[in-house]
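Asks: Okay, here's the structure, questions in a sec.
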Amino acid sequence: MSGSIGKSFDRIDVRSKVTGEAKYTSDLTYPGQLHMKALFAERPHARILSIDTSGAEALDDVVAVLTAKDVPVNEYGYIQPDQPVLCGPDSNNPYGDRVRFVGDQVAVVIAETEEAAEKGCKAIEVEYEDLPVVGTIEEALKPDSFVLHPPMESNVMSTSRIITGDVDKAFAEADIIVEGEYRTPAQEHAYLEPEAGVSYIDEEGRITLEVAGQWAHKDRMAVAHALNLPEDQIRVIYPYIGGAFGGREDNSVQIILALAAYKLKERGIERPVKIRWTREESIKGHGKRHPFIIRAKWGAKRDGTVVAAESELISDGGAYACTTAIVSKVAILNVTGPYDVPNVRINCTDVYTNNVPRAAFRGFGGPQGAFAAEMQMNKLAEALGMDPVEIRFHNLIKDGSLQVVGAPWPPGVTAREVVEACAGAGGWKKEDGFWKRTGTPDEERDPSIKRGLGFACSHKNIGFSHGFRENAAMTLELHGGSTIEKAVLRHTATEVGQGTHTAIGQMLADALDIPFDRVEIKRPDTSRSGDTGSVSASRMTFMAGNAIRETADLAIGKWKEEERPVIVAHKHLGLPTTGDDPETGHCDPMISYAYTAEAVEVQVDTVTGQVTISNLVCATDVGRAINPLQVDAQVEGALVQAAGYALLENFVEQDGYVKTPDFSTYLIPTVLDIPEKNKNIILEIPDPRGPWGATGVGEMPFLAMAPAVAAAVYDATGVWIDKFPLTPEVVLDGLEEAEA
Ligand code: MOS
């Protein structure tokens, strides 16, 4: 009867999505609903001297105008609450009168119509005193740089490090040293659905939000903090959500929506309030992937064995801390790659700038670290005259290897298996015990078109961990008589379009040994379930799956004792991990990692600088494909998004102003940019800690793309370009510089 796992069932939400029945946040409309608009500062750094809302309040159809002084606790933030909910004078946030990026908000207007709310925003008079703009990492680190967040004394937001072994001694004994300085870009999530939501007071008097996020209980916590209310007076419901990719880990409209419902109720008005950001507001208002500058120096033996790695990383954290410090902790776990490196010295500094805040984004610091690691490994191969796949086998980790932070890699290391699978299908073969290319790419008839092949591999952690005890709570109901006729799962795992509710349903069906059509997977609602945790860090299949196994076992026990219906609320605890030692960075940071490798063939037009991916092979070990079609979709989506990151997506900020605030200036891949040929190899080597052997997939295939493309461009042209996106301008500049 079981056997749902491993089948490519249609997504449980597919019918409602294709028919248009599914209600996304911006589709929600309730009787009597009011509309809200936020007044964006539209300037990167300023002190607000005064706000005059009287013009807005005098307008017909304007119901309320709220400013900083209306926010009970005027602060929020993922790691530390360094961001005002609304910027302006007279709030309880001592520096809350400052705006620090263009998307900071000064007031909200609630009105009968969206147009009236917009008119109200325009009628608000704000007096600003501009402050010096810190637009780049370099400016942020100048000793006399204007400090964004007093009472801090500099713009250093956070730091992290790893020190292992004796780096200086190892460099002295190395046969060869390779150095590089790499720059990775910002990236916009470009999800289909801009931020939106509705708030109202529910039948039990709770402030209720229907909004798009990635972790409902975390949203609830942030709202409760800012409103100074107990968490159980806040309820967060997630309707259908049009994409996230990490960009919804930080709050957007959550707190102002809740504030609106709260303040209106105080004034005796109980009407739902809706807000939806325009695309421009979304691009200016939500965080971007962190740009990094990474300087790396690696030393190796003549046979290709890496003996020492030194890296200095600096990230542009933007105006507020958000998730930056933990993004950097992932970056430094990736900056030495999936390799056995015994001597390591890594320092990372995150700085505040007046740019749009930086955020979680698919890979969460991993892609930035991986770019430097894989560029270094490919340059090392070249310097030693070795094949890039062959050199990796002199360094790839295996079960029992130690991480650079001292602890063993979690069991189930499959870095070698993915590299082997990818290389074998991507243009390499093993001959007489050595990996070598099967040939060189065919030459183009047009001599200005050069072809090249590049390789990279990577790993990605599952879960945040780093001392945070991963957990997942859920409530399972079993209904029926002699057999289980229906199983209802209440949880808060967020469906952002990746298919998690379908995968959860398949795992639940097998855990209970019932057909898939007897499970009912509810949508997240904090008033109906415990906290299943964040949909991020590729953790949900792993964590929810392990939680389902335990919860189903408990429920079956009660079922056998003839309880009808069975209701079990249970919280699964992940394995403990440890946080980093402040001096050495040593820790046992993660429960598990998953592994990926990519071989990319490109065509470089040396006249126009255009790079086209002509063939792409990716191998990813997912442990167990719960729903193979969905796994394929995750891999393909990650690869296309990563191809955009590597080649196309160019988020431009100048002195704190966003120069690419829409999709005609910020280009993302379309169907025409999909690689001509693509083969995805899904390995299913069971993760000993994963449910049914499953591990994560959402982020992994993203990580190796940019360095594989850069290596292919090198193979085609003989030029290393150490930054991306590899737009035609960047490529032509690189080729010209090399000629000069
Ligand atoms: Mo993700 S980038 O961990 O939401």
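Following the order of the structure tokens, chains are lettered A, B, ..., residues in each are numbered from 1, and ligands are numbered from 1.
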Hey, which residues come within 6 Å of ligand 1 if we count only C-alpha atoms and all ligand atoms? Could you give them as a list in words?

Replies: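 Going residue by residue within 6 Å of ligand 1, we get Phe245, Gly246, Glu249, Ala360, Phe361, Arg362, Gly363, Phe364, Ser536 and Ala537 of chain A.
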
Asks: What's around Val631 in chain A at 8 Å? Count only C-alpha atoms, leave out sequence neighbours fewer than 5 positions away in its own chain, and write the answer as a PyMOL selection string.

Replies: chain A and resi 625-626+697

Asks: Output C-alpha atoms for every residue in that selection, as a PDB file, in the first residue's frame.

Replies:
ATOM      1  CA  ALA A 625      14.284  11.569  -4.515  1.00  0.00           C
ATOM      2  CA  ILE A 626      10.955  11.773  -2.675  1.00  0.00           C
ATOM      3  CA  VAL A 697      18.261  19.797  -3.041  1.00  0.00           C
TER       4      VAL A 697
END

Asks: How would you write, as a list in words, the set of residues in range 396-439 of chain A that DSSP gives as strand (DSSP E)?

Replies: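 Going through range 396-439 of chain A, the strand (DSSP E) residues come out as Trp428, Lys429, Lys430, Glu431, Phe434, Trp435, Lys436 and Arg437 of chain A.
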
Asks: Which residues are close to range 596-599 of chain A, i.e. within 10 Å by only C-alpha atoms, leaving aside same-chain residues fewer than 4 positions away? Reply as a VMD selection string.

Replies: chain A and resid 338 389 414 to 428 453 to 460 615 to 622 639 679 to 683 697 699 to 709 711 to 712

Asks: Please provide the set of residues having any atom within 9 Å of Ile449 in chain A, restricted to only C-alpha atoms, with same-chain residues fewer than 4 positions apart removed, written as a PyMOL selection string.

Replies: chain A and resi 443-445+603-607+716

Asks: Using the selection just defined, write its residues with C-alpha atoms as a tab-separated table (two decimals), in the first residue's frame.

Replies:
chain	number	residue	atom	x	y	z
A	443	GLU	CA	36.26	24.35	-33.15
A	444	GLU	CA	33.76	26.80	-34.55
A	445	ARG	CA	34.00	27.71	-38.20
A	603	GLN	CA	30.85	29.54	-26.50
A	604	VAL	CA	32.57	32.89	-26.14
A	605	ASP	CA	32.11	35.41	-28.90
A	606	THR	CA	35.38	37.28	-28.65
A	607	VAL	CA	34.05	40.15	-30.76
A	716	ALA	CA	37.96	29.00	-24.32

Asks: Quick check for you: according to DSSP on this backbone, which residues of range 190-433 of chain A are classed as helix (DSSP H, G or I)? Reply as a count of residues only.

Replies: 83

Asks: Quick one: residues within 6 Å of range 496-510 of chain A, only C-alpha atoms counted, chain neighbours fewer than 5 positions away excluded, as a list in words?

Replies: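 The filter keeps Ser2, Ser4, Ile5, Arg11, Ile12, Ile241, Gly243, Pro515 and Phe516 of chain A.
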
Asks: If you keep all heavy atoms, can you produce a file of those selected residues as a short mmCIF file (atom, residue, chain, number, x, y, z; two decimals), in the first residue's frame?

Replies:
data_model
loop_
_atom_site.label_atom_id
_atom_site.label_comp_id
_atom_site.auth_asym_id
_atom_site.auth_seq_id
_atom_site.Cartn_x
_atom_site.Cartn_y
_atom_site.Cartn_z
N SER A 2 1.98 1.20 0.70
CA SER A 2 2.84 2.39 0.71
C SER A 2 3.53 2.51 -0.65
O SER A 2 3.05 1.96 -1.62
CB SER A 2 3.87 2.29 1.83
OG SER A 2 4.74 1.21 1.56
N SER A 4 4.58 5.63 -1.86
CA SER A 4 4.40 6.98 -2.43
C SER A 4 5.74 7.64 -2.68
O SER A 4 5.89 8.42 -3.62
CB SER A 4 3.57 7.85 -1.48
OG SER A 4 2.25 7.39 -1.44
N ILE A 5 6.69 7.35 -1.81
CA ILE A 5 8.02 7.96 -1.97
C ILE A 5 8.65 7.41 -3.25
O ILE A 5 8.61 6.21 -3.51
CB ILE A 5 8.89 7.67 -0.73
CG1 ILE A 5 8.39 8.54 0.43
CG2 ILE A 5 10.37 7.92 -1.02
CD1 ILE A 5 9.06 8.24 1.74
N ARG A 11 1.79 17.76 -8.14
CA ARG A 11 1.74 18.56 -6.93
C ARG A 11 0.31 18.68 -6.43
O ARG A 11 -0.61 18.82 -7.24
CB ARG A 11 2.24 19.97 -7.21
CG ARG A 11 3.69 20.01 -7.49
CD ARG A 11 4.08 21.43 -7.78
NE ARG A 11 5.47 21.42 -8.14
CZ ARG A 11 6.33 22.36 -7.79
NH1 ARG A 11 5.93 23.40 -7.09
NH2 ARG A 11 7.59 22.27 -8.13
N ILE A 12 0.16 18.69 -5.12
CA ILE A 12 -1.21 18.75 -4.58
C ILE A 12 -1.87 20.09 -4.89
O ILE A 12 -3.08 20.20 -4.85
CB ILE A 12 -1.24 18.43 -3.06
CG1 ILE A 12 -0.34 19.37 -2.27
CG2 ILE A 12 -0.85 16.99 -2.81
CD1 ILE A 12 -0.41 19.14 -0.76
N ILE A 241 2.19 31.16 -2.17
CA ILE A 241 3.30 32.11 -2.20
C ILE A 241 4.04 31.96 -3.53
O ILE A 241 4.41 30.84 -3.92
CB ILE A 241 4.26 31.85 -1.01
CG1 ILE A 241 3.54 32.17 0.30
CG2 ILE A 241 5.54 32.68 -1.15
CD1 ILE A 241 4.31 31.79 1.55
N GLY A 243 7.07 32.22 -4.85
CA GLY A 243 8.54 32.21 -4.84
C GLY A 243 9.11 32.91 -3.62
O GLY A 243 8.47 33.74 -2.99
N PRO A 515 -2.45 5.13 1.28
CA PRO A 515 -2.31 5.76 -0.04
C PRO A 515 -2.19 7.28 0.08
O PRO A 515 -2.73 7.89 1.01
CB PRO A 515 -3.60 5.37 -0.77
CG PRO A 515 -4.21 4.27 0.03
CD PRO A 515 -3.74 4.43 1.43
N PHE A 516 -1.52 7.84 -0.92
CA PHE A 516 -1.25 9.28 -0.93
C PHE A 516 -2.54 10.11 -0.89
O PHE A 516 -2.57 11.19 -0.31
CB PHE A 516 -0.44 9.60 -2.21
CG PHE A 516 -0.02 11.03 -2.36
CD1 PHE A 516 0.70 11.67 -1.36
CD2 PHE A 516 -0.33 11.73 -3.53
CE1 PHE A 516 1.10 12.99 -1.52
CE2 PHE A 516 0.07 13.05 -3.69
CZ PHE A 516 0.78 13.68 -2.68
#

Asks: Tell me which of A:Tyr595, A:Phe651, A:Phe9, A:Phe434 sits closest to Phe663 in chain A, counting only C-alpha atoms.

Replies: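 With only C-alpha atoms as the atom set, the closest residue is A:Phe651.
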
Asks: May I ask which of the residues A:Arg248, A:Asn378, A:Lys218, A:Ala64 is the closest one to Ala260 in chain A, counting only C-alpha atoms?

Replies: A:Ala64
